[in-house]
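Here's model.cif, which has mmCIF, C-alpha atoms:
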data_structure
#
loop_
_atom_site.label_atom_id
_atom_site.label_comp_id
_atom_site.auth_asym_id
_atom_site.auth_seq_id
_atom_site.Cartn_x
_atom_site.Cartn_y
_atom_site.Cartn_z
CA MET O 1280 -55.12 -39.35 -142.59
CA GLY O 1281 -53.16 -38.00 -139.66
CA LYS O 1282 -50.27 -40.14 -138.45
CA LYS O 1283 -49.33 -38.37 -135.23
CA PHE O 1284 -49.64 -40.43 -132.08
CA LEU O 1285 -48.24 -40.65 -128.58
CA CYS O 1286 -47.29 -43.05 -125.87
CA PHE O 1287 -49.22 -43.95 -122.73
CA ALA O 1288 -48.74 -43.09 -119.07
CA MET O 1289 -47.09 -46.33 -117.94
CA ALA O 1290 -44.15 -45.29 -120.10
CA ALA O 1291 -42.98 -43.16 -117.20
CA VAL O 1292 -41.73 -46.39 -115.61
CA LEU O 1293 -39.21 -47.07 -118.37
CA VAL O 1294 -39.68 -44.99 -121.47
CA ALA O 1295 -39.57 -41.84 -119.39
CA GLY O 1296 -39.29 -39.37 -122.24
CA ALA O 1297 -42.35 -40.81 -123.90
CA SER O 1298 -44.99 -40.05 -121.27
CA PHE O 1299 -47.00 -36.88 -121.62
CA VAL O 1300 -48.66 -35.78 -118.38
CA LEU O 1301 -50.81 -32.68 -118.62
CA PRO O 1302 -51.61 -30.13 -115.90
CA LEU O 1303 -54.80 -30.97 -114.02
CA THR O 1304 -57.45 -28.28 -113.65
CA SER O 1305 -60.71 -27.89 -111.80
CA ALA O 1306 -63.75 -29.84 -112.99
CA GLY O 1307 -65.17 -28.67 -116.31
CA ALA O 1308 -62.34 -26.23 -117.04
CA ALA O 1309 -60.41 -26.38 -120.26
CA PRO O 1310 -56.83 -27.64 -119.80
CA GLY O 1311 -54.47 -24.73 -119.49
CA ASP O 1312 -57.18 -22.25 -118.47
CA PRO O 1313 -55.28 -19.78 -116.22
CA SER O 1314 -58.50 -18.78 -114.43
CA ALA O 1315 -59.03 -22.31 -113.11
CA ALA O 1316 -57.43 -23.27 -109.84
CA GLU O 1317 -55.18 -26.27 -110.36
CA THR O 1318 -56.13 -29.35 -108.41
CA GLN O 1319 -54.72 -32.85 -108.28
CA ARG O 1320 -57.05 -35.16 -110.14
CA ALA O 1321 -56.78 -38.93 -110.48
CA ALA O 1322 -55.94 -40.28 -113.92
CA VAL O 1323 -58.17 -42.56 -115.95
CA PHE O 1324 -56.70 -44.87 -118.57
CA LEU O 1325 -58.15 -46.03 -121.84
CA GLN O 1326 -58.23 -49.82 -122.12
CA SER O 1327 -59.67 -50.44 -125.57
CA VAL O 1328 -61.43 -48.90 -128.55
CA THR O 1329 -63.78 -50.78 -130.89
CA MET O 1330 -65.36 -49.67 -134.15
CA THR O 1331 -68.74 -50.83 -135.52
CA LYS O 1332 -70.77 -49.71 -138.48
CA LYS O 1333 -74.34 -48.65 -137.71
CA ASP O 1334 -76.09 -49.18 -141.02
CA ALA O 1335 -79.40 -47.77 -139.78
CA GLU O 1336 -77.70 -44.49 -138.90
CA ASN O 1337 -75.23 -44.62 -141.81
CA ALA O 1338 -72.44 -43.96 -139.30
CA TYR O 1339 -69.41 -45.51 -137.66
CA ALA O 1340 -69.40 -45.79 -133.87
CA PHE O 1341 -66.20 -45.81 -131.81
CA THR O 1342 -66.55 -47.13 -128.25
CA TYR O 1343 -63.83 -46.04 -125.79
CA THR O 1344 -63.66 -48.28 -122.70
CA PHE O 1345 -61.84 -47.04 -119.59
CA ASN O 1346 -60.43 -48.68 -116.46
CA LYS O 1347 -62.73 -46.60 -114.22
CA ASN O 1348 -66.20 -45.16 -114.41
CA VAL O 1349 -66.20 -41.89 -116.33
CA SER O 1350 -69.86 -40.93 -115.84
CA GLU O 1351 -72.96 -41.54 -113.75
CA GLN O 1352 -75.44 -41.35 -116.61
CA ALA O 1353 -75.54 -41.06 -120.39
CA GLY O 1354 -75.16 -37.62 -121.90
CA ASP O 1355 -73.35 -35.47 -124.45
CA ILE O 1356 -69.69 -34.47 -124.08
CA ALA O 1357 -68.74 -30.96 -125.12
CA ARG O 1358 -65.04 -31.58 -125.71
CA LYS O 1359 -65.41 -33.22 -129.13
CA ASP O 1360 -62.14 -31.54 -130.12
CA LEU O 1361 -60.25 -34.11 -128.01
CA PHE O 1362 -61.44 -36.96 -130.24
CA THR O 1363 -60.08 -37.35 -133.76
CA VAL O 1364 -60.88 -39.86 -136.49
CA GLY O 1365 -58.87 -40.04 -139.67
CA GLY O 1366 -56.83 -37.07 -138.47
CA LYS O 1367 -59.79 -34.74 -138.07
CA ALA O 1368 -61.19 -33.46 -134.76
CA LEU O 1369 -64.82 -34.45 -134.32
CA SER O 1370 -65.66 -30.87 -133.34
CA GLU O 1371 -65.05 -30.06 -137.04
CA VAL O 1372 -67.15 -32.93 -138.41
CA SER O 1373 -70.77 -32.13 -139.16
CA GLY O 1374 -73.10 -34.67 -137.57
CA ALA O 1375 -70.44 -36.25 -135.32
CA THR O 1376 -71.40 -36.93 -131.71
CA VAL O 1377 -69.53 -37.83 -128.52
CA ARG O 1378 -71.56 -39.18 -125.60
CA TYR O 1379 -71.26 -40.96 -122.28
CA THR O 1380 -73.07 -44.30 -122.59
CA ALA O 1381 -75.25 -46.41 -120.32
CA ALA O 1382 -72.10 -48.32 -119.50
CA LYS O 1383 -70.53 -45.98 -116.96
CA ASN O 1384 -66.97 -46.80 -118.01
CA ALA O 1385 -67.41 -46.04 -121.72
CA ILE O 1386 -67.75 -43.20 -124.22
CA GLU O 1387 -69.17 -43.54 -127.74
CA ALA O 1388 -68.23 -41.30 -130.64
CA THR O 1389 -70.14 -41.53 -133.92
CA VAL O 1390 -68.97 -40.32 -137.32
CA PRO O 1391 -71.19 -40.14 -140.41
CA VAL O 1392 -70.07 -42.42 -143.25
CA SER O 1393 -70.47 -39.40 -145.54
CA ALA O 1394 -67.61 -37.64 -143.71
CA GLY O 1395 -65.20 -39.96 -145.52
CA LEU O 1396 -62.94 -40.40 -142.46
CA VAL O 1397 -63.12 -44.20 -142.55
CA GLU O 1398 -61.83 -45.99 -145.64
CA ASP O 1399 -64.07 -48.41 -147.55
CA ASP O 1400 -62.13 -51.35 -146.09
CA GLY O 1401 -62.69 -50.04 -142.56
CA SER O 1402 -59.14 -48.82 -142.02
CA THR O 1403 -58.61 -45.60 -140.12
CA ARG O 1404 -56.95 -44.11 -137.09
CA ALA O 1405 -58.71 -42.83 -133.97
CA THR O 1406 -57.11 -40.66 -131.31
CA LEU O 1407 -58.14 -39.50 -127.85
CA LEU O 1408 -56.06 -36.58 -126.64
CA GLY O 1409 -54.96 -35.94 -123.09
CA GLY O 1410 -56.85 -33.49 -120.90
CA LEU O 1411 -60.36 -34.92 -121.07
CA ILE O 1412 -61.96 -34.27 -117.67
CA THR O 1413 -64.72 -36.77 -117.06
CA GLU O 1414 -68.03 -36.38 -115.29
CA THR O 1415 -66.55 -38.35 -112.38
CA ASP O 1416 -63.72 -35.80 -112.06
CA LEU O 1417 -60.98 -37.97 -113.56
CA VAL O 1418 -58.61 -36.91 -116.33
CA THR O 1419 -56.91 -38.54 -119.30
CA THR O 1420 -53.23 -37.67 -118.96
CA VAL O 1421 -51.83 -38.79 -122.33
CA ARG O 1422 -52.87 -39.12 -125.95
CA TYR O 1423 -54.04 -42.53 -127.14
CA ILE O 1424 -53.98 -43.79 -130.70
CA TYR O 1425 -55.67 -46.82 -132.26
CA ASP O 1426 -55.39 -48.17 -135.78
CA PHE O 1427 -58.32 -50.01 -137.33
CA TYR O 1428 -58.14 -52.41 -140.23
CA GLY O 1429 -61.86 -53.17 -140.21
CA GLN O 1430 -64.65 -53.36 -137.68
CA GLY O 1431 -63.90 -54.65 -134.20
CA ALA O 1432 -61.12 -53.93 -131.72
CA GLY O 1433 -58.49 -51.39 -132.72
CA ASN O 1434 -54.76 -51.98 -132.52
CA ARG O 1435 -53.15 -49.72 -129.94
CA ILE O 1436 -50.05 -47.84 -131.08
CA TYR O 1437 -47.52 -46.84 -128.45
CA ARG O 1438 -44.69 -45.09 -130.22
CA SER O 1439 -45.15 -41.78 -131.94
CA ASP O 1440 -43.94 -41.29 -135.49
CA ASP O 1441 -43.66 -37.54 -134.92
CA PRO O 1442 -40.04 -36.76 -133.94
CA SER O 1443 -41.09 -33.53 -132.24
CA ASP O 1444 -42.79 -35.61 -129.54
CA TYR O 1445 -39.42 -36.80 -128.24
CA GLU O 1446 -36.28 -35.31 -126.80
CA GLU O 1447 -33.35 -35.66 -129.18
CA VAL O 1448 -30.17 -37.54 -128.34
CA THR O 1449 -27.15 -37.62 -130.63
CA VAL O 1450 -24.12 -39.82 -131.12
CA THR O 1451 -21.03 -37.94 -129.93
CA SER O 1452 -18.27 -40.46 -130.66
CA ILE O 1453 -17.30 -44.07 -131.14
CA ALA O 1454 -14.35 -45.52 -129.24
CA ALA O 1455 -11.59 -47.46 -130.96
CA PRO O 1456 -12.46 -51.18 -131.10
CA THR O 1457 -11.04 -53.35 -128.33
CA THR O 1458 -10.57 -57.09 -127.99
CA SER O 1459 -11.74 -59.07 -124.97
CA SER O 1460 -11.87 -62.87 -124.73
CA GLY O 1461 -11.59 -63.10 -128.49
CA ASN O 1462 -14.52 -60.75 -129.07
CA THR O 1463 -14.55 -57.27 -130.57
CA ALA O 1464 -16.25 -54.57 -128.50
CA ILE O 1465 -17.14 -51.13 -129.83
CA TYR O 1466 -18.51 -48.42 -127.51
CA ILE O 1467 -20.94 -45.87 -128.97
CA TYR O 1468 -21.33 -42.72 -126.85
CA PHE O 1469 -24.35 -40.41 -126.78
CA SER O 1470 -24.92 -36.80 -125.76
CA ASP O 1471 -27.08 -37.75 -122.77
CA SER O 1472 -28.24 -40.73 -120.73
CA ILE O 1473 -30.22 -43.20 -122.82
CA THR O 1474 -31.54 -45.74 -120.30
CA PRO O 1475 -32.94 -45.85 -116.75
CA LYS O 1476 -31.05 -49.10 -116.01
CA LYS O 1477 -28.49 -51.45 -117.47
CA TYR O 1478 -29.67 -53.85 -120.14
CA HIS O 1479 -27.87 -56.82 -121.64
CA ASP O 1480 -28.54 -58.47 -124.99
CA LEU O 1481 -31.33 -56.26 -126.26
CA GLN O 1482 -30.79 -57.79 -129.71
CA MET O 1483 -32.81 -60.78 -128.55
CA SER O 1484 -36.50 -61.41 -129.06
CA ARG O 1485 -38.82 -60.71 -126.15
CA THR O 1486 -39.46 -64.43 -125.61
CA VAL O 1487 -35.80 -65.40 -125.57
CA LEU O 1488 -34.75 -62.43 -123.46
CA ASN O 1489 -37.46 -63.16 -120.89
CA SER O 1490 -36.43 -66.81 -120.57
CA PHE O 1491 -32.72 -66.06 -120.68
CA TYR O 1492 -32.54 -63.25 -118.14
CA GLY O 1493 -35.98 -63.28 -116.55
CA PRO O 1494 -36.59 -63.46 -112.77
CA ASN O 1495 -37.16 -67.22 -112.99
CA ALA O 1496 -34.16 -67.99 -115.17
CA GLY O 1497 -31.80 -68.61 -112.25
CA ASN O 1498 -29.73 -65.52 -113.01
CA THR O 1499 -29.85 -63.21 -110.00
CA THR O 1500 -27.36 -60.60 -111.18
CA ALA O 1501 -29.12 -57.31 -110.54
CA ASP O 1502 -28.30 -55.67 -113.87
CA MET O 1503 -29.39 -58.74 -115.86
CA ARG O 1504 -32.92 -59.21 -114.51
CA TYR O 1505 -35.92 -57.71 -116.22
CA THR O 1506 -39.55 -57.98 -115.23
CA ALA O 1507 -42.20 -59.02 -117.72
CA GLU O 1508 -43.66 -55.51 -117.45
CA GLU O 1509 -40.35 -53.91 -118.36
CA LEU O 1510 -39.89 -56.13 -121.38
CA GLU O 1511 -43.46 -55.53 -122.47
CA LEU O 1512 -42.90 -51.77 -122.41
CA LEU O 1513 -39.66 -52.01 -124.37
CA PHE O 1514 -41.40 -54.28 -126.86
CA ASN O 1515 -44.49 -52.08 -127.22
CA TYR O 1516 -42.34 -49.03 -127.88
CA GLN O 1517 -40.32 -51.02 -130.42
CA VAL O 1518 -37.07 -50.38 -128.55
CA PHE O 1519 -35.96 -53.96 -129.06
CA ASP O 1520 -37.04 -57.28 -130.60
CA PRO O 1521 -36.26 -58.10 -134.24
CA ALA O 1522 -40.01 -58.26 -134.91
CA TRP O 1523 -40.10 -54.46 -135.08
CA GLU O 1524 -38.53 -52.85 -138.12
CA ARG O 1525 -37.72 -49.72 -136.05
CA SER O 1526 -36.06 -51.59 -133.17
CA LEU O 1527 -32.34 -51.45 -132.44
CA SER O 1528 -31.97 -54.75 -134.33
CA HIS O 1529 -32.64 -52.76 -137.49
CA THR O 1530 -31.32 -49.28 -136.62
CA ILE O 1531 -27.76 -50.29 -135.61
CA LEU O 1532 -25.77 -51.07 -138.75
CA PHE O 1533 -22.24 -52.43 -139.03
CA GLY O 1534 -19.98 -53.41 -141.89
CA CYS O 1535 -16.39 -54.36 -142.66
CA GLU O 1536 -14.42 -55.64 -145.62
CA ASP O 1537 -14.78 -59.26 -144.50
CA TYR O 1538 -18.56 -59.03 -144.65
CA ASN O 1539 -19.10 -57.40 -148.01
CA GLY O 1540 -21.54 -59.92 -149.45
CA LEU O 1541 -23.18 -61.39 -146.33
CA LYS O 1542 -25.47 -64.39 -146.72
CA ALA O 1543 -28.01 -66.00 -144.42
CA TYR O 1544 -27.25 -69.31 -142.82
CA PRO O 1545 -29.12 -72.14 -144.61
CA ALA O 1546 -31.31 -73.09 -141.66
CA ASN O 1547 -34.91 -72.36 -140.73
CA ARG O 1548 -34.25 -68.60 -140.90
CA ALA O 1549 -32.56 -68.74 -144.30
CA GLY O 1550 -35.23 -66.53 -145.85
CA ILE O 1551 -33.83 -63.36 -144.25
CA ASP O 1552 -32.98 -60.78 -146.92
CA MET O 1553 -29.24 -60.13 -146.90
CA THR O 1554 -29.32 -57.09 -149.15
CA PRO O 1555 -27.07 -54.43 -147.54
CA LYS O 1556 -29.01 -51.67 -145.78
CA ASP O 1557 -26.50 -49.11 -146.98
CA VAL O 1558 -23.06 -48.82 -148.59
CA VAL O 1559 -20.59 -46.28 -147.18
CA GLY O 1560 -17.01 -45.88 -148.33
CA GLY O 1561 -17.27 -49.12 -150.26
CA ILE O 1562 -18.39 -51.01 -147.13
CA ASP O 1563 -21.67 -52.89 -147.07
CA LEU O 1564 -23.70 -52.09 -143.95
CA TYR O 1565 -25.96 -54.75 -142.41
CA ASP O 1566 -28.27 -54.53 -139.43
CA VAL O 1567 -28.02 -56.65 -136.28
CA ARG O 1568 -30.76 -59.00 -137.44
CA GLN O 1569 -28.86 -59.82 -140.62
CA TYR O 1570 -25.65 -60.57 -138.72
CA GLN O 1571 -27.57 -62.85 -136.36
CA ASN O 1572 -28.94 -64.81 -139.31
CA HIS O 1573 -25.48 -65.13 -140.82
CA VAL O 1574 -24.66 -67.45 -137.92
CA ALA O 1575 -25.90 -71.00 -137.31
CA GLU O 1576 -28.52 -71.61 -134.67
CA GLU O 1577 -29.50 -74.61 -132.60
CA GLY O 1578 -30.89 -77.48 -134.67
CA VAL O 1579 -28.83 -76.79 -137.82
CA PRO O 1580 -28.01 -80.13 -139.52
CA TYR O 1581 -24.48 -80.91 -140.67
CA LEU O 1582 -22.12 -83.76 -141.46
CA ASP O 1583 -19.13 -84.11 -139.16
CA LYS O 1584 -15.66 -84.84 -140.42
CA SER O 1585 -16.38 -88.60 -140.42
CA GLY O 1586 -19.54 -88.09 -142.50
CA ALA O 1587 -22.01 -88.71 -139.66
CA ARG O 1588 -25.14 -86.55 -139.66
CA LYS O 1589 -25.50 -84.34 -136.60
CA GLU O 1590 -27.29 -81.21 -135.46
CA LEU O 1591 -25.77 -78.16 -133.85
CA GLN O 1592 -26.84 -78.46 -130.22
CA GLY O 1593 -25.37 -75.34 -128.62
CA SER O 1594 -27.05 -72.28 -130.07
CA THR O 1595 -24.70 -69.53 -131.19
CA TYR O 1596 -27.45 -67.55 -132.86
CA TRP O 1597 -28.33 -65.09 -130.12
CA LEU O 1598 -24.76 -64.55 -129.01
CA SER O 1599 -23.18 -63.82 -132.39
CA VAL O 1600 -23.85 -60.11 -131.82
CA GLN O 1601 -24.55 -58.55 -128.44
CA VAL O 1602 -26.01 -55.12 -127.67
CA HIS O 1603 -25.62 -53.87 -124.09
CA ILE O 1604 -26.93 -50.46 -122.98
CA ASP O 1605 -26.11 -48.43 -119.88
CA GLU O 1606 -25.87 -44.76 -118.88
CA ASN O 1607 -24.97 -42.88 -122.10
CA TRP O 1608 -23.42 -45.69 -124.10
CA ILE O 1609 -24.04 -48.81 -126.15
CA GLU O 1610 -21.56 -51.67 -126.15
CA PHE O 1611 -21.70 -53.41 -129.52
CA ILE O 1612 -19.96 -56.79 -129.46
CA MET O 1613 -19.07 -59.03 -132.39
CA LYS O 1614 -18.47 -62.52 -131.09
CA GLY O 1615 -15.19 -64.23 -131.90
CA ASP O 1616 -14.89 -67.18 -129.51
CA ALA O 1617 -16.12 -69.85 -131.94
CA HIS O 1618 -15.48 -73.56 -131.38
CA GLY O 1619 -18.11 -75.40 -133.43
CA ASP O 1620 -16.17 -75.56 -136.70
CA SER O 1621 -13.67 -78.08 -135.32
CA ASP O 1622 -16.18 -80.89 -135.87
CA LEU O 1623 -17.71 -79.59 -139.10
CA GLY O 1624 -17.40 -81.47 -142.35
CA THR O 1625 -20.29 -80.23 -144.51
CA VAL O 1626 -23.06 -77.72 -143.85
CA LEU O 1627 -26.58 -78.89 -144.75
CA ASP O 1628 -29.56 -76.77 -145.65
CA ALA O 1629 -32.99 -77.12 -144.02
CA ALA O 1630 -33.83 -79.97 -146.43
CA GLY O 1631 -30.64 -81.83 -145.56
CA ASN O 1632 -28.81 -81.09 -148.81
CA PRO O 1633 -25.09 -80.16 -148.73
CA VAL O 1634 -24.32 -76.47 -149.11
CA SER O 1635 -21.13 -76.54 -151.11
CA ASP O 1636 -20.01 -72.95 -150.57
CA MET O 1637 -20.41 -72.89 -146.77
CA HIS O 1638 -17.83 -74.62 -144.61
CA SER O 1639 -18.34 -72.87 -141.31
CA PHE O 1640 -20.99 -72.21 -138.71
CA ASN O 1641 -19.92 -68.56 -139.13
CA GLU O 1642 -19.65 -68.17 -135.39
CA ASN O 1643 -16.63 -65.93 -135.60
CA LEU O 1644 -17.87 -62.45 -136.53
CA ARG O 1645 -14.95 -60.58 -134.99
CA PRO O 1646 -13.54 -58.22 -137.64
CA ASP O 1647 -9.83 -57.83 -138.29
CA PHE O 1648 -8.72 -54.37 -137.17
CA ARG O 1649 -6.49 -54.16 -140.23
CA GLN O 1650 -9.48 -53.40 -142.43
CA THR O 1651 -11.94 -50.59 -142.97
CA MET O 1652 -15.11 -50.80 -140.89
CA ALA O 1653 -18.28 -48.74 -140.76
CA LEU O 1654 -20.89 -48.29 -138.04
CA SER O 1655 -24.15 -46.39 -138.33
CA ILE O 1656 -26.94 -45.37 -135.94
CA ARG O 1657 -30.01 -44.69 -138.03
CA GLU O 1658 -32.61 -41.98 -137.73
CA GLY O 1659 -35.42 -43.33 -135.56
CA PHE O 1660 -33.23 -45.21 -133.08
CA PHE O 1661 -35.30 -45.07 -129.87
CA THR O 1662 -33.71 -45.37 -126.44
CA PRO O 1663 -35.13 -47.16 -123.36
CA ASN O 1664 -35.75 -43.82 -121.65
CA GLY O 1665 -37.72 -42.39 -124.55
CA LYS O 1666 -35.18 -40.29 -126.45
CA LEU O 1667 -34.82 -40.34 -130.20
CA VAL O 1668 -31.96 -40.17 -132.67
CA LYS O 1669 -33.37 -37.79 -135.26
CA GLU O 1670 -30.52 -37.83 -137.79
CA THR O 1671 -28.61 -40.80 -139.18
CA VAL O 1672 -24.93 -40.75 -138.33
CA THR O 1673 -22.31 -43.05 -139.87
CA TYR O 1674 -18.68 -43.47 -138.85
CA LEU O 1675 -15.81 -45.03 -140.78
CA PHE O 1676 -12.89 -46.75 -139.05
CA ASP O 1677 -9.47 -45.76 -140.39
CA LYS O 1678 -7.42 -48.96 -140.33
CA ASP O 1679 -4.16 -47.00 -140.26
CA LYS O 1680 -5.04 -44.43 -137.59
CA LYS O 1681 -7.15 -46.99 -135.67
CA SER O 1682 -9.83 -44.38 -135.04
CA TRP O 1683 -13.32 -43.45 -136.22
CA SER O 1684 -14.42 -40.35 -138.07
CA LEU O 1685 -17.74 -39.22 -139.49
CA ALA O 1686 -18.36 -40.50 -142.99
CA ALA O 1687 -18.63 -37.85 -145.67
CA GLU O 1688 -22.07 -39.17 -146.56
CA THR O 1689 -23.46 -38.06 -143.21
CA SER O 1690 -21.62 -34.81 -142.57
CA SER O 1691 -20.20 -31.96 -144.63
CA GLN O 1692 -17.56 -31.47 -141.96
CA LYS O 1693 -15.40 -34.48 -141.17
CA ARG O 1694 -14.65 -34.77 -137.44
CA GLU O 1695 -12.01 -36.98 -135.93
CA ASP O 1696 -13.14 -39.06 -132.97
CA GLU O 1697 -11.52 -37.84 -129.76
CA THR O 1698 -12.63 -40.76 -127.60
CA LEU O 1699 -9.73 -43.11 -126.91
CA GLY O 1700 -10.27 -46.82 -126.40
CA ASN O 1701 -7.82 -49.31 -124.98
CA GLN O 1702 -5.72 -49.08 -128.14
CA GLU O 1703 -5.45 -45.30 -127.79
CA GLY O 1704 -4.67 -44.86 -131.46
CA TYR O 1705 -1.76 -47.30 -131.52
CA THR O 1706 -1.41 -49.67 -134.45
CA ASP O 1707 -1.37 -53.42 -133.80
CA GLU O 1708 2.38 -53.47 -134.42
CA GLU O 1709 3.00 -50.68 -131.89
CA LEU O 1710 0.87 -52.45 -129.31
CA ALA O 1711 2.87 -55.63 -129.79
CA LEU O 1712 6.09 -53.70 -129.14
CA LEU O 1713 4.62 -52.07 -126.05
CA ALA O 1714 3.54 -55.45 -124.72
CA LYS O 1715 7.12 -56.74 -124.99
CA GLN O 1716 8.40 -53.76 -123.00
CA LYS O 1717 6.14 -54.49 -120.02
#
For the file at hand, write its structure as structure tokens.
Amino acid sequence: MGKKFLCFAMAAVLVAGASFVLPLTSAGAAPGDPSAAETQRAAVFLQSVTMTKKDAENAYAFTYTFNKNVSEQAGDIARKDLFTVGGKALSEVSGATVRYTAAKNAIEATVPVSAGLVEDDGSTRATLLGGLITETDLVTTVRYIYDFYGQGAGNRIYRSDDPSDYEEVTVTSIAAPTTSSGNTAIYIYFSDSITPKKYHDLQMSRTVLNSFYGPNAGNTTADMRYTAEELELLFNYQVFDPAWERSLSHTILFGCEDYNGLKAYPANRAGIDMTPKDVVGGIDLYDVRQYQNHVAEEGVPYLDKSGARKELQGSTYWLSVQVHIDENWIEFIMKGDAHGDSDLGTVLDAAGNPVSDMHSFNENLRPDFRQTMALSIREGFFTPNGKLVKETVTYLFDKDKKSWSLAAETSSQKREDETLGNQEGYTDEELALLAKQK
């Protein structure tokens, strides 16, 4: 079954590289026909697709519902090649039909059960390609894809799993780590712009991000306000939100010697798998989601130093790692300004039992620069403006040179990073001497 699918037209607002607008031609002409005079035609958008089994006809029917009327009366549609089911164009399926229906805003495609394009459990994939010119002189401007897991409404898929559908962007360098307010910041630079605007804290869930930085959250800083529509697009395209396995929460990996053997905090998210995502140069690599769950969140029970039972009231969960994106860079921050441990006596698990081997809320994730670190951007990392990292790249931090270079596992040719951070290649000892001279 074909797995190629594309994004929808609204993506031009944010996920710019993921919209696919086709040239518009005169009514009835095939898209791309050089003999047809080009004319501006209004777009029509697909709103839903449902699948039902017609036992009397021994066929499956797919009903495509649009946001505008696509016909004046029922009738056959010639362009069956623009409709695919199970990866096969209906123009190639014997007995398949595509018709305008009595409902003027809908099209029905039928596929014989004998064609074998729908699995026995009702699972399949249906696609409508861009370039369908309707009887009402409208045009579909993008490809649509719906997954079905049985009869009823299909599940719309927004992000293509075909890398050729997207412009490639590559990691060019990683700056030397810097320290600010007790936190460690690492800048990752790309070959081109990766976002249409500045975003803060894209490691958060959609719900938390909307409430934390939304228009009604009381934060009026221009680069920290996102509309519900913007967040919905980023969520649909799996750019962010830990719910998506292809989001940046799972495609940005970090590791250092201190965190070889990470474990989840024993709270209500303690079930997170802490198996390293990769091991490079002896360093365990974990994704952003795993680091977040290594840190206590609001509501975690504990005993204070006097033995009194309390709960952690100020959440550190979402701020333990921060991912900010702007222009052609990502700022990856490991939080280090922890204060909660001063009152901690004993950590408790979700059932209230002491956890003997944990004596910290683990708020301080800032790595020591005197150790080897590793940072990886994985294949499939998708940017807010619709570009795609198509090859995994992993860098190792040389604790002596205080600089990053490509790990041997990801490149046959080792390149030294030429981007200088605030440390500019100095060791900690040299910086201390320089500070005394100022």
- Message: What's around segment 1511-1521 of chain O at 6 Å? Count only C-alpha atoms, leave out sequence neighbours fewer than 5 positions away in its own chain, and write the answer as a list in words.
- Response: Tyr1437, Arg1438, Leu1481, Met1483, Ser1484, Arg1485, Ser1526, Leu1527, Ser1528 and Phe1661 of chain O
- Task: State, in Å with one decimal place, the distance from atom CA of Arg1404 of chain O to atom CA of Glu1670 of chain O.
- Result: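 One can read the atom CA of Arg1404 of chain O to atom CA of Glu1670 of chain O distance as 27.2 Å.
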- Query: Near Ala1368 of chain O, within 12 Å and counting all atoms listed in the file, which residues show up once chain neighbours fewer than 2 positions away are dropped, as a PyMOL selection string?
  - Reply: chain O and resi 1280-1281+1358-1366+1370-1373+1375-1377+1388+1390+1394+1396+1404-1408
Could you write out that same residue set with C-alpha atoms as a PDB file, keeping the file's coordinate frame?
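And here's result_7.pdb as it stands now:
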ATOM      1  CA  MET O1280     -55.120 -39.350-142.590  1.00  0.00           C
ATOM      2  CA  GLY O1281     -53.160 -38.000-139.660  1.00  0.00           C
ATOM      3  CA  ARG O1358     -65.040 -31.580-125.710  1.00  0.00           C
ATOM      4  CA  LYS O1359     -65.410 -33.220-129.130  1.00  0.00           C
ATOM      5  CA  ASP O1360     -62.140 -31.540-130.120  1.00  0.00           C
ATOM      6  CA  LEU O1361     -60.250 -34.110-128.010  1.00  0.00           C
ATOM      7  CA  PHE O1362     -61.440 -36.960-130.240  1.00  0.00           C
ATOM      8  CA  THR O1363     -60.080 -37.350-133.760  1.00  0.00           C
ATOM      9  CA  VAL O1364     -60.880 -39.860-136.490  1.00  0.00           C
ATOM     10  CA  GLY O1365     -58.870 -40.040-139.670  1.00  0.00           C
ATOM     11  CA  GLY O1366     -56.830 -37.070-138.470  1.00  0.00           C
ATOM     12  CA  SER O1370     -65.660 -30.870-133.340  1.00  0.00           C
ATOM     13  CA  GLU O1371     -65.050 -30.060-137.040  1.00  0.00           C
ATOM     14  CA  VAL O1372     -67.150 -32.930-138.410  1.00  0.00           C
ATOM     15  CA  SER O1373     -70.770 -32.130-139.160  1.00  0.00           C
ATOM     16  CA  ALA O1375     -70.440 -36.250-135.320  1.00  0.00           C
ATOM     17  CA  THR O1376     -71.400 -36.930-131.710  1.00  0.00           C
ATOM     18  CA  VAL O1377     -69.530 -37.830-128.520  1.00  0.00           C
ATOM     19  CA  ALA O1388     -68.230 -41.300-130.640  1.00  0.00           C
ATOM     20  CA  VAL O1390     -68.970 -40.320-137.320  1.00  0.00           C
ATOM     21  CA  ALA O1394     -67.610 -37.640-143.710  1.00  0.00           C
ATOM     22  CA  LEU O1396     -62.940 -40.400-142.460  1.00  0.00           C
ATOM     23  CA  ARG O1404     -56.950 -44.110-137.090  1.00  0.00           C
ATOM     24  CA  ALA O1405     -58.710 -42.830-133.970  1.00  0.00           C
ATOM     25  CA  THR O1406     -57.110 -40.660-131.310  1.00  0.00           C
ATOM     26  CA  LEU O1407     -58.140 -39.500-127.850  1.00  0.00           C
ATOM     27  CA  LEU O1408     -56.060 -36.580-126.640  1.00  0.00           C
TER      28      LEU O1408
END
- Message: With distances taken over only C-alpha atoms, which residue among O:Thr1342, O:Gln1352, O:Thr1389, O:Thr1413 lies nearest Ala1432 of chain O?
- Response: O:Thr1342
- Task: Check the smallest atom-to-atom distance from each of O:Asp1566, O:Asp1677, O:Asp1400, O:Asp1440 to Gln1650 of chain O using all atoms listed in the file, then report the winner.
- Result: O:Asp1677
- Kindly extract all protein, DNA and RNA residues lying within 8 Å of the coordinates (-22.8, -60.7, -131.9) given in the file, considering all atoms listed in the file, and supply them as a list in words.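 Neighbouring residues, ordered by chain and number, come to Val1567, Tyr1570, Gln1571, Trp1597, Leu1598, Ser1599, Val1600, Gln1601, Val1602, Phe1611, Ile1612, Met1613, Lys1614 and Leu1644 of chain O.
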